[in-house]
>>> print(open('my_file05.cif').read())   # mmCIF, C-alpha atoms
data_run
#
loop_
_atom_site.label_atom_id
_atom_site.label_comp_id
_atom_site.auth_asym_id
_atom_site.auth_seq_id
_atom_site.Cartn_x
_atom_site.Cartn_y
_atom_site.Cartn_z
CA MET R 1387 -23.24 -30.92 -18.43
CA THR R 1388 -25.22 -29.01 -21.07
CA ASN R 1389 -24.67 -29.61 -24.78
CA MET R 1390 -23.75 -26.28 -26.32
CA THR R 1391 -24.06 -25.24 -29.95
CA THR R 1392 -21.91 -22.44 -31.33
CA LEU R 1393 -23.89 -19.97 -33.44
CA PRO R 1394 -22.96 -16.72 -35.18
CA LEU R 1395 -24.64 -13.68 -33.69
CA GLY R 1396 -26.10 -13.02 -37.13
CA GLU R 1397 -28.53 -15.90 -36.55
CA LEU R 1398 -29.68 -14.39 -33.27
CA MET R 1399 -29.83 -10.65 -33.93
CA THR R 1400 -30.04 -8.04 -36.67
CA HIS R 1401 -28.27 -4.74 -37.13
CA ARG R 1402 -30.65 -1.81 -36.65
CA SER R 1403 -29.56 1.44 -38.25
CA GLU R 1404 -32.21 4.08 -37.61
CA PHE R 1405 -31.48 7.77 -37.06
CA VAL R 1406 -33.79 10.47 -35.74
CA PRO R 1407 -33.51 14.27 -35.84
CA ILE R 1408 -32.57 16.04 -32.61
CA ASP R 1409 -34.97 18.59 -31.14
CA ASP R 1410 -33.12 21.60 -29.72
CA LEU R 1411 -35.72 21.99 -26.96
CA THR R 1412 -35.51 18.41 -25.68
CA THR R 1413 -33.13 17.07 -23.04
CA TYR R 1414 -31.56 13.75 -24.00
CA MET R 1415 -29.80 10.98 -22.13
CA ARG R 1416 -26.56 9.91 -23.75
CA CYS R 1417 -25.10 6.51 -22.95
CA ARG R 1418 -21.69 4.96 -23.49
CA VAL R 1419 -20.10 1.55 -23.22
CA GLN R 1420 -17.37 0.85 -20.73
CA ILE R 1421 -14.32 -1.05 -21.91
CA ASN R 1422 -13.42 -4.57 -20.76
CA GLY R 1423 -17.00 -5.74 -21.14
CA ARG R 1424 -18.25 -3.71 -18.18
CA GLY R 1425 -21.52 -2.79 -19.84
CA VAL R 1426 -23.56 0.22 -20.90
CA VAL R 1427 -23.88 3.22 -18.58
CA LEU R 1428 -25.25 6.75 -18.62
CA ARG R 1429 -22.79 9.24 -20.07
CA ASP R 1430 -24.71 12.45 -19.37
CA ARG R 1431 -27.89 14.40 -20.01
CA VAL R 1432 -27.67 17.15 -22.57
CA GLU R 1433 -29.95 19.70 -24.21
CA GLY R 1434 -30.56 19.10 -27.88
CA ALA R 1435 -29.40 22.63 -28.71
CA LEU R 1436 -25.92 21.72 -27.43
CA LEU R 1437 -25.54 18.71 -29.70
CA LYS R 1438 -23.54 19.44 -32.84
CA THR R 1439 -24.64 16.25 -34.59
CA LYS R 1440 -28.35 16.68 -35.23
CA ILE R 1441 -29.02 13.11 -36.30
CA GLN R 1442 -28.64 10.39 -33.64
CA GLN R 1443 -29.66 6.81 -32.90
CA VAL R 1444 -32.10 5.95 -30.11
CA CYS R 1445 -31.34 2.90 -27.96
CA ARG R 1446 -33.95 0.36 -26.95
CA ALA R 1447 -33.76 -1.70 -23.79
CA GLY R 1448 -32.21 -5.11 -24.41
CA GLU R 1449 -30.37 -4.18 -27.59
CA PHE R 1450 -26.71 -5.05 -28.03
CA LEU R 1451 -24.63 -1.88 -28.29
CA VAL R 1452 -21.14 -1.90 -29.82
CA ALA R 1453 -18.74 1.04 -29.85
CA GLU R 1454 -17.03 1.30 -33.22
CA ILE R 1455 -13.83 2.75 -31.78
CA ASP R 1456 -13.58 0.91 -28.45
CA ALA R 1457 -14.97 -2.48 -29.46
CA LYS R 1458 -11.52 -4.05 -29.53
CA LEU R 1459 -11.06 -2.90 -25.94
CA GLY R 1460 -14.25 -4.63 -24.85
CA GLY R 1461 -16.53 -1.68 -25.58
CA PHE R 1462 -19.86 -3.47 -25.94
CA GLY R 1463 -22.84 -4.47 -23.84
CA VAL R 1464 -26.60 -4.85 -23.58
CA VAL R 1465 -28.67 -1.68 -23.07
CA PRO R 1466 -30.32 -1.76 -19.61
CA SER R 1467 -33.96 -0.76 -19.19
CA GLU R 1468 -33.09 2.51 -17.44
CA LEU R 1469 -31.27 3.68 -20.59
CA ALA R 1470 -34.12 3.00 -23.00
CA GLY R 1471 -34.45 6.12 -25.14
CA ALA R 1472 -30.83 7.19 -24.66
CA ILE R 1473 -29.11 8.43 -27.79
CA VAL R 1474 -25.81 7.45 -29.38
CA SER R 1475 -23.90 8.73 -32.39
CA SER R 1476 -23.10 6.94 -35.63
CA HIS R 1477 -19.92 5.66 -33.98
CA TYR R 1478 -22.07 3.06 -32.22
CA PHE R 1479 -23.85 0.06 -33.69
CA LEU R 1480 -27.18 -1.23 -32.34
CA PHE R 1481 -28.37 -4.81 -32.74
CA ASP R 1482 -31.91 -6.06 -32.15
CA ILE R 1483 -31.81 -9.41 -30.33
CA ASN R 1484 -34.41 -12.05 -31.27
CA PRO R 1485 -35.99 -12.78 -27.86
CA ASP R 1486 -37.24 -16.18 -29.03
CA LEU R 1487 -33.68 -17.34 -29.63
CA LEU R 1488 -31.44 -15.42 -27.26
CA ASP R 1489 -31.99 -13.90 -23.83
CA GLY R 1490 -30.28 -10.52 -23.69
CA ARG R 1491 -28.99 -11.26 -20.18
CA TYR R 1492 -27.24 -14.36 -21.51
CA LEU R 1493 -25.47 -12.23 -24.12
CA ALA R 1494 -24.69 -9.59 -21.50
CA TRP R 1495 -22.82 -12.15 -19.41
CA PHE R 1496 -21.08 -13.60 -22.46
CA SER R 1497 -19.92 -10.10 -23.41
CA LYS R 1498 -17.89 -10.04 -20.19
CA THR R 1499 -15.81 -13.06 -21.21
CA ALA R 1500 -12.61 -13.43 -23.17
CA GLY R 1501 -14.59 -15.58 -25.60
CA LEU R 1502 -16.16 -12.53 -27.22
CA ALA R 1503 -13.26 -10.12 -26.68
CA GLU R 1504 -10.84 -12.42 -28.50
CA GLN R 1505 -13.12 -12.61 -31.53
CA VAL R 1506 -13.40 -8.83 -31.69
CA SER R 1507 -9.66 -8.27 -31.41
CA ALA R 1508 -9.01 -10.79 -34.17
CA HIS R 1509 -10.35 -8.36 -36.81
CA GLY R 1510 -7.78 -5.91 -38.18
CA SER R 1511 -4.87 -4.23 -36.45
CA THR R 1512 -6.36 -1.00 -35.15
CA ASN R 1513 -9.32 -0.18 -32.95
CA TYR R 1514 -11.03 2.14 -35.40
CA SER R 1515 -10.65 0.37 -38.73
CA ALA R 1516 -11.47 -3.14 -37.60
CA VAL R 1517 -15.02 -3.37 -36.29
CA ARG R 1518 -18.02 -2.92 -38.54
CA PRO R 1519 -21.59 -4.23 -38.12
CA HIS R 1520 -21.01 -7.18 -40.44
CA HIS R 1521 -18.05 -8.24 -38.30
CA VAL R 1522 -20.22 -8.27 -35.19
CA LEU R 1523 -22.73 -10.58 -36.85
CA THR R 1524 -19.98 -13.14 -37.50
CA TYR R 1525 -18.93 -13.38 -33.86
CA GLU R 1526 -19.97 -16.68 -32.34
CA ILE R 1527 -21.64 -17.52 -29.05
CA PRO R 1528 -22.16 -20.92 -27.41
CA VAL R 1529 -25.84 -21.50 -26.66
CA PRO R 1530 -27.67 -24.38 -24.94
CA PRO R 1531 -30.55 -26.24 -26.62
CA THR R 1532 -33.42 -24.11 -25.30
CA LEU R 1533 -34.20 -20.63 -24.06
CA SER R 1534 -35.10 -22.09 -20.67
CA ASP R 1535 -31.58 -23.56 -20.50
CA GLN R 1536 -30.20 -20.08 -21.10
CA GLN R 1537 -32.35 -18.75 -18.29
CA ARG R 1538 -31.21 -21.51 -15.94
CA ILE R 1539 -27.59 -20.59 -16.66
CA ILE R 1540 -28.39 -16.89 -16.17
CA ALA R 1541 -29.98 -17.62 -12.79
CA ALA R 1542 -26.95 -19.62 -11.67
CA ILE R 1543 -24.52 -16.88 -12.73
CA GLU R 1544 -26.60 -14.13 -11.12
CA SER R 1545 -26.85 -16.08 -7.86
CA ILE R 1546 -23.07 -16.46 -7.65
CA ALA R 1547 -22.50 -12.85 -8.74
CA ALA R 1548 -24.87 -11.63 -6.02
CA ARG R 1549 -22.99 -13.57 -3.36
CA LEU R 1550 -19.68 -12.18 -4.61
CA ALA R 1551 -21.15 -8.67 -4.45
CA VAL R 1552 -22.07 -9.26 -0.80
CA VAL R 1553 -18.52 -10.41 -0.06
CA ARG R 1554 -17.07 -7.33 -1.76
CA HIS R 1555 -19.46 -5.09 0.16
CA LEU R 1556 -18.47 -6.67 3.46
CA ARG R 1557 -14.77 -6.40 2.63
CA GLN R 1558 -15.17 -2.74 1.71
CA GLY R 1559 -17.07 -2.21 4.94
CA VAL R 1560 -14.13 -3.58 6.91
CA LEU R 1561 -11.78 -1.19 5.10
CA ASP R 1562 -14.09 1.78 5.63
CA ASP R 1563 -14.61 0.93 9.30
CA GLY R 1564 -10.87 0.74 9.84
CA LYS R 1565 -10.30 4.14 8.28
CA ALA R 1566 -13.18 5.64 10.27
CA LEU R 1567 -11.78 4.18 13.50
CA LEU R 1568 -8.37 5.72 12.85
CA ARG R 1569 -9.89 9.12 12.13
CA SER R 1570 -12.01 8.97 15.29
CA VAL R 1571 -9.17 7.87 17.57
CA PHE R 1572 -6.79 10.43 16.08
CA HIS R 1573 -9.29 13.23 16.56
CA ARG R 1574 -9.69 12.31 20.23
CA LEU R 1575 -5.91 12.11 20.74
CA ILE R 1576 -5.21 15.61 19.50
CA GLN R 1577 -7.99 17.26 21.47
CA GLY R 1578 -6.23 19.62 23.87
CA ALA R 1579 -2.77 18.49 22.72
CA PRO R 1580 -0.12 21.20 22.33
CA TYR R 1581 1.04 22.20 18.85
CA ARG R 1582 4.69 22.73 18.02
CA PRO R 1583 6.60 23.66 14.83
CA LEU R 1584 7.66 20.63 12.80
CA ALA R 1585 11.29 21.76 13.08
CA ALA R 1586 11.10 21.31 16.86
CA VAL R 1587 9.45 17.90 16.61
CA ALA R 1588 11.01 16.35 13.50
CA PRO R 1589 13.82 18.54 12.13
CA ILE R 1590 15.07 18.21 8.58
CA VAL R 1591 18.11 15.94 8.34
CA ARG R 1592 19.99 15.56 5.06
CA ARG R 1593 22.46 12.71 4.48
CA PRO R 1594 24.39 13.37 1.26
CA VAL R 1595 25.63 10.28 -0.56
CA GLU R 1596 28.92 10.34 -2.45
CA ILE R 1597 28.15 8.48 -5.64
CA ASP R 1598 30.65 5.92 -6.90
CA PRO R 1599 30.35 5.68 -10.71
CA ASP R 1600 31.25 1.98 -10.53
CA SER R 1601 28.54 1.06 -8.01
CA THR R 1602 24.80 0.46 -8.35
CA TYR R 1603 22.25 2.14 -6.10
CA GLU R 1604 18.67 1.36 -5.20
CA GLU R 1605 16.46 4.42 -5.60
CA ILE R 1606 13.33 5.10 -3.61
CA GLY R 1607 10.11 6.66 -4.90
CA ILE R 1608 7.16 8.30 -3.16
CA ARG R 1609 3.62 7.67 -4.36
CA SER R 1610 1.06 10.45 -4.45
CA PHE R 1611 -2.17 10.34 -2.44
CA HIS R 1612 -0.41 9.16 0.74
CA LYS R 1613 0.29 5.72 -0.73
CA GLY R 1614 3.78 5.40 0.77
CA THR R 1615 7.22 4.66 -0.62
CA PHE R 1616 8.23 2.13 -3.25
CA PHE R 1617 11.38 0.71 -4.83
CA LYS R 1618 11.90 2.82 -7.93
CA CYS R 1619 14.89 1.29 -9.72
CA ASN R 1620 18.50 0.18 -9.62
CA SER R 1621 20.63 3.04 -10.91
CA PRO R 1622 24.25 2.68 -12.05
CA GLY R 1623 26.39 5.27 -10.30
CA SER R 1624 27.59 6.52 -13.67
CA ASP R 1625 24.01 7.51 -14.53
CA ILE R 1626 23.37 9.52 -11.36
CA SER R 1627 26.82 10.83 -10.43
CA HIS R 1628 25.79 14.31 -11.57
CA LYS R 1629 22.81 14.34 -9.19
CA SER R 1630 22.60 15.26 -5.53
CA MET R 1631 21.44 12.07 -3.83
CA PHE R 1632 20.59 11.45 -0.19
CA GLU R 1633 20.29 8.44 2.09
CA MET R 1634 16.81 7.43 3.23
CA VAL R 1635 16.57 5.81 6.66
CA PRO R 1636 13.62 3.76 7.96
CA GLY R 1637 11.45 5.94 10.17
CA ASP R 1638 12.19 9.14 8.27
CA LEU R 1639 9.16 11.28 7.51
CA VAL R 1640 9.81 12.17 3.88
CA PHE R 1641 8.19 14.80 1.66
CA SER R 1642 8.47 15.13 -2.11
CA ASN R 1643 8.91 18.85 -2.50
CA ILE R 1644 7.14 18.86 -5.87
CA MET R 1645 4.37 16.36 -5.06
CA ALA R 1646 3.67 16.92 -1.35
CA TRP R 1647 0.65 19.01 -2.31
CA GLU R 1648 -0.71 15.85 -4.00
CA GLY R 1649 -0.04 13.58 -1.04
CA GLY R 1650 3.58 12.76 -1.87
CA ILE R 1651 4.39 12.22 1.81
CA ALA R 1652 5.45 8.96 3.46
CA VAL R 1653 7.40 7.19 6.17
CA VAL R 1654 10.47 5.32 4.94
CA ARG R 1655 9.88 1.58 5.43
CA PRO R 1656 12.29 -0.99 6.92
CA GLU R 1657 12.67 -2.57 3.47
CA ASP R 1658 13.87 0.79 2.12
CA ARG R 1659 17.04 0.62 4.22
CA GLY R 1660 20.09 1.47 2.15
CA ARG R 1661 18.11 3.17 -0.59
CA ILE R 1662 18.72 6.69 -1.76
CA GLY R 1663 16.52 9.50 -3.00
CA VAL R 1664 16.85 12.60 -5.11
CA HIS R 1665 17.39 16.04 -3.62
CA ARG R 1666 13.69 16.75 -3.95
CA PHE R 1667 12.94 14.31 -1.13
CA ILE R 1668 13.03 16.19 2.17
CA THR R 1669 13.67 13.92 5.15
CA CYS R 1670 12.52 14.86 8.64
CA VAL R 1671 13.66 12.81 11.63
CA PRO R 1672 11.27 12.79 14.61
CA HIS R 1673 12.87 13.21 18.01
CA PRO R 1674 12.53 9.71 19.50
CA ASP R 1675 11.33 11.05 22.84
CA ILE R 1676 8.81 13.49 21.32
CA ALA R 1677 7.13 12.17 18.19
CA ASP R 1678 6.26 9.03 16.23
CA PRO R 1679 6.71 9.28 12.43
CA HIS R 1680 3.52 7.38 11.60
CA PHE R 1681 1.50 9.64 13.89
CA LEU R 1682 2.88 12.71 12.13
CA TRP R 1683 2.27 11.16 8.73
CA PHE R 1684 -1.35 10.52 9.63
CA TYR R 1685 -1.73 14.15 10.70
CA PHE R 1686 -0.69 15.26 7.22
CA GLN R 1687 -3.39 12.99 5.79
CA THR R 1688 -6.11 14.81 7.73
CA GLY R 1689 -7.88 17.82 6.26
CA GLU R 1690 -6.22 20.13 8.77
CA GLY R 1691 -2.69 18.83 8.27
CA PHE R 1692 -2.88 18.50 4.50
CA ALA R 1693 -4.23 22.05 4.17
CA LYS R 1694 -1.04 23.26 5.82
CA ILE R 1695 1.07 21.35 3.28
CA VAL R 1696 -0.87 22.87 0.39
CA SER R 1697 -0.51 26.33 1.93
CA ALA R 1698 3.24 25.78 2.19
CA SER R 1699 3.40 24.82 -1.50
CA PRO R 1700 2.85 28.01 -3.51
CA ALA R 1701 1.69 27.56 -7.08
CA THR R 1702 3.80 28.64 -10.02
CA ILE R 1703 2.48 27.42 -13.38
CA ALA R 1704 0.11 24.62 -14.37
CA ARG R 1705 0.34 21.88 -11.71
CA ASN R 1706 3.71 23.02 -10.37
CA ARG R 1707 3.60 23.58 -6.62
CA THR R 1708 6.89 23.36 -4.75
CA LEU R 1709 6.92 22.78 -1.00
CA SER R 1710 8.86 25.54 0.74
CA VAL R 1711 11.41 24.12 3.16
CA LYS R 1712 11.15 27.16 5.41
CA LYS R 1713 7.36 26.98 5.48
CA LEU R 1714 7.47 23.24 6.10
CA GLU R 1715 9.62 23.75 9.19
CA THR R 1716 7.14 26.23 10.65
CA ILE R 1717 4.05 24.04 10.20
CA GLU R 1718 2.45 23.48 13.60
CA VAL R 1719 1.73 19.82 14.39
CA PRO R 1720 -0.12 18.30 17.37
CA VAL R 1721 2.10 16.65 19.96
CA PRO R 1722 0.20 14.52 22.49
CA SER R 1723 2.25 12.26 24.75
CA LEU R 1724 4.65 9.89 23.00
CA GLU R 1725 2.86 6.93 24.58
CA LYS R 1726 -0.44 7.98 23.00
CA GLN R 1727 1.26 8.48 19.63
CA GLN R 1728 2.84 5.04 19.79
CA ASP R 1729 -0.46 3.44 20.78
CA PHE R 1730 -2.02 5.07 17.73
CA ALA R 1731 0.83 3.84 15.51
CA ALA R 1732 0.26 0.31 16.84
CA LEU R 1733 -3.44 0.61 15.96
CA GLN R 1734 -2.43 1.72 12.46
CA GLN R 1735 -0.28 -1.39 12.11
CA ARG R 1736 -3.11 -3.69 13.17
CA ILE R 1737 -5.52 -2.13 10.69
CA ALA R 1738 -2.86 -2.18 7.97
CA ALA R 1739 -2.40 -5.90 8.61
CA ILE R 1740 -6.13 -6.44 8.01
CA HIS R 1741 -5.93 -4.48 4.77
CA GLN R 1742 -2.90 -6.47 3.65
CA ALA R 1743 -4.64 -9.76 4.41
CA GLN R 1744 -7.57 -8.70 2.25
CA ALA R 1745 -5.29 -7.52 -0.55
CA ALA R 1746 -3.45 -10.86 -0.47
CA ASN R 1747 -6.55 -12.80 -1.60
CA GLN R 1748 -8.13 -10.07 -3.71
CA SER R 1749 -6.82 -11.62 -6.93
CA GLU R 1750 -8.48 -14.92 -6.00
CA LEU R 1751 -11.78 -13.15 -5.40
CA ASP R 1752 -11.46 -11.26 -8.70
CA ALA R 1753 -10.84 -14.53 -10.55
CA LEU R 1754 -13.97 -16.26 -9.25
CA LEU R 1755 -16.56 -14.69 -11.57
CA PRO R 1756 -14.46 -15.14 -14.76
CA ALA R 1757 -14.01 -18.79 -13.77
CA VAL R 1758 -17.76 -19.17 -13.28
CA LEU R 1759 -18.45 -17.58 -16.67
CA ASP R 1760 -15.92 -19.86 -18.33
CA LYS R 1761 -17.70 -22.91 -16.94
CA ALA R 1762 -21.12 -21.49 -17.80
CA PHE R 1763 -20.37 -21.03 -21.48
CA LYS R 1764 -18.75 -24.43 -21.71
CA GLY R 1765 -22.00 -25.95 -20.45
CA GLU R 1766 -20.42 -27.02 -17.15
CA LEU R 1767 -22.52 -24.89 -14.81
#
>>> encode(input="my_file05.cif", output="structure tokens")
Amino acid sequence: MTNMTTLPLGELMTHRSEFVPIDDLTTYMRCRVQINGRGVVLRDRVEGALLKTKIQQVCRAGEFLVAEIDAKLGGFGVVPSELAGAIVSSHYFLFDINPDLLDGRYLAWFSKTAGLAEQVSAHGSTNYSAVRPHHVLTYEIPVPPTLSDQQRIIAAIESIAARLAVVRHLRQGVLDDGKALLRSVFHRLIQGAPYRPLAAVAPIVRRPVEIDPDSTYEEIGIRSFHKGTFFKCNSPGSDISHKSMFEMVPGDLVFSNIMAWEGGIAVVRPEDRGRIGVHRFITCVPHPDIADPHFLWFYFQTGEGFAKIVSASPATIARNRTLSVKKLETIEVPVPSLEKQQDFAALQQRIAAIHQAQAANQSELDALLPAVLDKAFKGEL
């Protein structure tokens, strides 16, 4: 247990307000702060001639940078060495940290905690009007007795953070390997396989629902980017009686006719049984002795299959692209043996189970570092 003393930042740093003229012939780095205490990063590199504001501030490594507008959203951090010399506008505040009293890395970690964010949000009611340099200097930070104590705490945090980064890297590797395996196996399966029109493999089947104004219906939604179906809402019949609604059955291959070009394609899940969808959801039912719905869905996630969906969705205005039913029916899809398709679908399920297992404890993993930081700044690390 380390005895901590709470000090205002004004005793540990000073506001530095220095502006320099911009040279039109020089290329400058511009940096920005990410919200939620995620630090300072490179924004871009820009020629001086393209900058409208000809007076800017120059960042120094190790300074504390606060965004005037985004501070209440966690827009602050310590300038890393690779961004020394980067410029920022007058909408940022720079603070010179006294290295004899405060290690910049200690402040960088503290800036990721709720302890600082809550102090920032306590000033004023709007992002823009609240945060000024004098406010920042009143924010308080718990510090141990000596600089070496700060460095010991920093080392402990960084050690744990490094191990967590390894875990995240390994977890991502598992996800990436699973996706790569599916792509490889699928590619091998369709080599030499015959192609047939979708209408011959999974014809469109529509199941109109007669809406009872006195009943309530569960509606289904389709996520973009091939993310599957979801429960959208409970709709009173009186609210949707004027719409054309259709029954969705587990195993249907369903396309959103206005979002298919953005990956609005899915297979209806078992838990979607009894749910209904709007007329824009086109349901195709694979012949049980010819095709597996998950195999077909995966095909439309490949570059080849998705290109056919985009081609069948002519553009009108802006982002409007409507999938043509006639063109959809004529799309040629690979049809290897049903046994091979079902084996592939089983592999998909096994890999999906791994992904779900990882997702189930992701929140616990995400909570580890905040818990470590909480202990660190209470002197318990």
>>> resolve_selection(input="my_file05.cif", expression="the PyMOL selection byres ((chain R and resi 1407-1419) around 7)", output="PyMOL selection string")
chain R and resi 1405-1406+1420-1421+1425-1435+1440-1442+1453+1461-1463+1472-1474
>>> write_last_selection(input="my_file05.cif", atoms="C-alpha atoms", output="JSON list (two decimals), keeping the file's coordinate frame")
[["chain", "number", "residue", "atom", "x", "y", "z"],
["R", 1405, "PHE", "CA", -31.48, 7.77, -37.06],
["R", 1406, "VAL", "CA", -33.79, 10.47, -35.74],
["R", 1420, "GLN", "CA", -17.37, 0.85, -20.73],
["R", 1421, "ILE", "CA", -14.32, -1.05, -21.91],
["R", 1425, "GLY", "CA", -21.52, -2.79, -19.84],
["R", 1426, "VAL", "CA", -23.56, 0.22, -20.90],
["R", 1427, "VAL", "CA", -23.88, 3.22, -18.58],
["R", 1428, "LEU", "CA", -25.25, 6.75, -18.62],
["R", 1429, "ARG", "CA", -22.79, 9.24, -20.07],
["R", 1430, "ASP", "CA", -24.71, 12.45, -19.37],
["R", 1431, "ARG", "CA", -27.89, 14.40, -20.01],
["R", 1432, "VAL", "CA", -27.67, 17.15, -22.57],
["R", 1433, "GLU", "CA", -29.95, 19.70, -24.21],
["R", 1434, "GLY", "CA", -30.56, 19.10, -27.88],
["R", 1435, "ALA", "CA", -29.40, 22.63, -28.71],
["R", 1440, "LYS", "CA", -28.35, 16.68, -35.23],
["R", 1441, "ILE", "CA", -29.02, 13.11, -36.30],
["R", 1442, "GLN", "CA", -28.64, 10.39, -33.64],
["R", 1453, "ALA", "CA", -18.74, 1.04, -29.85],
["R", 1461, "GLY", "CA", -16.53, -1.68, -25.58],
["R", 1462, "PHE", "CA", -19.86, -3.47, -25.94],
["R", 1463, "GLY", "CA", -22.84, -4.47, -23.84],
["R", 1472, "ALA", "CA", -30.83, 7.19, -24.66],
["R", 1473, "ILE", "CA", -29.11, 8.43, -27.79],
["R", 1474, "VAL", "CA", -25.81, 7.45, -29.38]]
>>> closest_atom_pairs(input="my_file05.cif", of="segment 1447-1505 of chain R", to="segment 1530-1533 of chain R", cutoff="8 Å", atoms="all atoms listed in the file", output="CSV")
residue,atom,partner,partner_atom,distance
R:Asp1486,CA,R:Leu1533,CA,7.3
R:Leu1487,CA,R:Leu1533,CA,6.5
R:Leu1488,CA,R:Leu1533,CA,6.7
R:Asp1489,CA,R:Leu1533,CA,7.1
>>> atom_distance(input="my_file05.cif", atom1="atom CA of Asn1484 of chain R", atom2="atom CA of Ile1527 of chain R")
14.1 Å
>>> atom_distance(input="my_file05.cif", atom1="atom CA of Phe1616 of chain R", atom2="atom CA of Val1560 of chain R")
25.2 Å
>>> atom_distance(input="my_file05.cif", atom1="atom CA of Pro1656 of chain R", atom2="atom CA of Ile1608 of chain R")
14.6 Å
>>> resolve_selection(input="my_file05.cif", expression="the PyMOL selection byres ((chain R and resi 1660) around 8)", output="VMD selection string")
chain R and resid 1604 1633 to 1635 1658 to 1659 1661 to 1662
>>> resolve_selection(input="my_file05.cif", expression="the PyMOL selection byres ((chain R and resi 1536) around 12)", output="ChimeraX atom specification")
/R:1388-1391,1485-1496,1527-1535,1537-1543,1762-1763,1765,1767
>>> write_last_selection(input="my_file05.cif", atoms="C-alpha atoms", output="PDB file, in the frame of the given file")
ATOM      1  CA  THR R1388     -25.220 -29.010 -21.070  1.00  0.00           C
ATOM      2  CA  ASN R1389     -24.670 -29.610 -24.780  1.00  0.00           C
ATOM      3  CA  MET R1390     -23.750 -26.280 -26.320  1.00  0.00           C
ATOM      4  CA  THR R1391     -24.060 -25.240 -29.950  1.00  0.00           C
ATOM      5  CA  PRO R1485     -35.990 -12.780 -27.860  1.00  0.00           C
ATOM      6  CA  ASP R1486     -37.240 -16.180 -29.030  1.00  0.00           C
ATOM      7  CA  LEU R1487     -33.680 -17.340 -29.630  1.00  0.00           C
ATOM      8  CA  LEU R1488     -31.440 -15.420 -27.260  1.00  0.00           C
ATOM      9  CA  ASP R1489     -31.990 -13.900 -23.830  1.00  0.00           C
ATOM     10  CA  GLY R1490     -30.280 -10.520 -23.690  1.00  0.00           C
ATOM     11  CA  ARG R1491     -28.990 -11.260 -20.180  1.00  0.00           C
ATOM     12  CA  TYR R1492     -27.240 -14.360 -21.510  1.00  0.00           C
ATOM     13  CA  LEU R1493     -25.470 -12.230 -24.120  1.00  0.00           C
ATOM     14  CA  ALA R1494     -24.690  -9.590 -21.500  1.00  0.00           C
ATOM     15  CA  TRP R1495     -22.820 -12.150 -19.410  1.00  0.00           C
ATOM     16  CA  PHE R1496     -21.080 -13.600 -22.460  1.00  0.00           C
ATOM     17  CA  ILE R1527     -21.640 -17.520 -29.050  1.00  0.00           C
ATOM     18  CA  PRO R1528     -22.160 -20.920 -27.410  1.00  0.00           C
ATOM     19  CA  VAL R1529     -25.840 -21.500 -26.660  1.00  0.00           C
ATOM     20  CA  PRO R1530     -27.670 -24.380 -24.940  1.00  0.00           C
ATOM     21  CA  PRO R1531     -30.550 -26.240 -26.620  1.00  0.00           C
ATOM     22  CA  THR R1532     -33.420 -24.110 -25.300  1.00  0.00           C
ATOM     23  CA  LEU R1533     -34.200 -20.630 -24.060  1.00  0.00           C
ATOM     24  CA  SER R1534     -35.100 -22.090 -20.670  1.00  0.00           C
ATOM     25  CA  ASP R1535     -31.580 -23.560 -20.500  1.00  0.00           C
ATOM     26  CA  GLN R1537     -32.350 -18.750 -18.290  1.00  0.00           C
ATOM     27  CA  ARG R1538     -31.210 -21.510 -15.940  1.00  0.00           C
ATOM     28  CA  ILE R1539     -27.590 -20.590 -16.660  1.00  0.00           C
ATOM     29  CA  ILE R1540     -28.390 -16.890 -16.170  1.00  0.00           C
ATOM     30  CA  ALA R1541     -29.980 -17.620 -12.790  1.00  0.00           C
ATOM     31  CA  ALA R1542     -26.950 -19.620 -11.670  1.00  0.00           C
ATOM     32  CA  ILE R1543     -24.520 -16.880 -12.730  1.00  0.00           C
ATOM     33  CA  ALA R1762     -21.120 -21.490 -17.800  1.00  0.00           C
ATOM     34  CA  PHE R1763     -20.370 -21.030 -21.480  1.00  0.00           C
ATOM     35  CA  GLY R1765     -22.000 -25.950 -20.450  1.00  0.00           C
ATOM     36  CA  LEU R1767     -22.520 -24.890 -14.810  1.00  0.00           C
TER      37      LEU R1767
END
>>> closest_residue(input="my_file05.cif", among="R:Gln1443, R:Gln1734, R:Ser1749, R:Gln1744", to="Arg1557 of chain R", atoms="only C-alpha atoms")
R:Gln1744
>>> closest_residue(input="my_file05.cif", among="R:His1741, R:Lys1613, R:His1665, R:Arg1593", to="Ile1626 of chain R", atoms="all atoms listed in the file")
R:His1665
>>> residues_around(input="my_file05.cif", residues="Gly1607 of chain R", least_positions_apart="3", cutoff="7 Å", atoms="all atoms listed in the file", output="MDAnalysis selection string")
chainID R and resid 1615:1618
>>> residues_near_point(input="my_file05.cif", point="(-11.0, 14.6, 5.5)", cutoff="12 Å", atoms="all atoms listed in the file", output="PyMOL selection string")
chain R and resi 1565-1566+1568-1570+1573+1684-1693
>>> closest_residue(input="my_file05.cif", among="R:Leu1575, R:Cys1619, R:Val1711, R:Ala1753", to="Lys1726 of chain R", atoms="only C-alpha atoms")
R:Leu1575
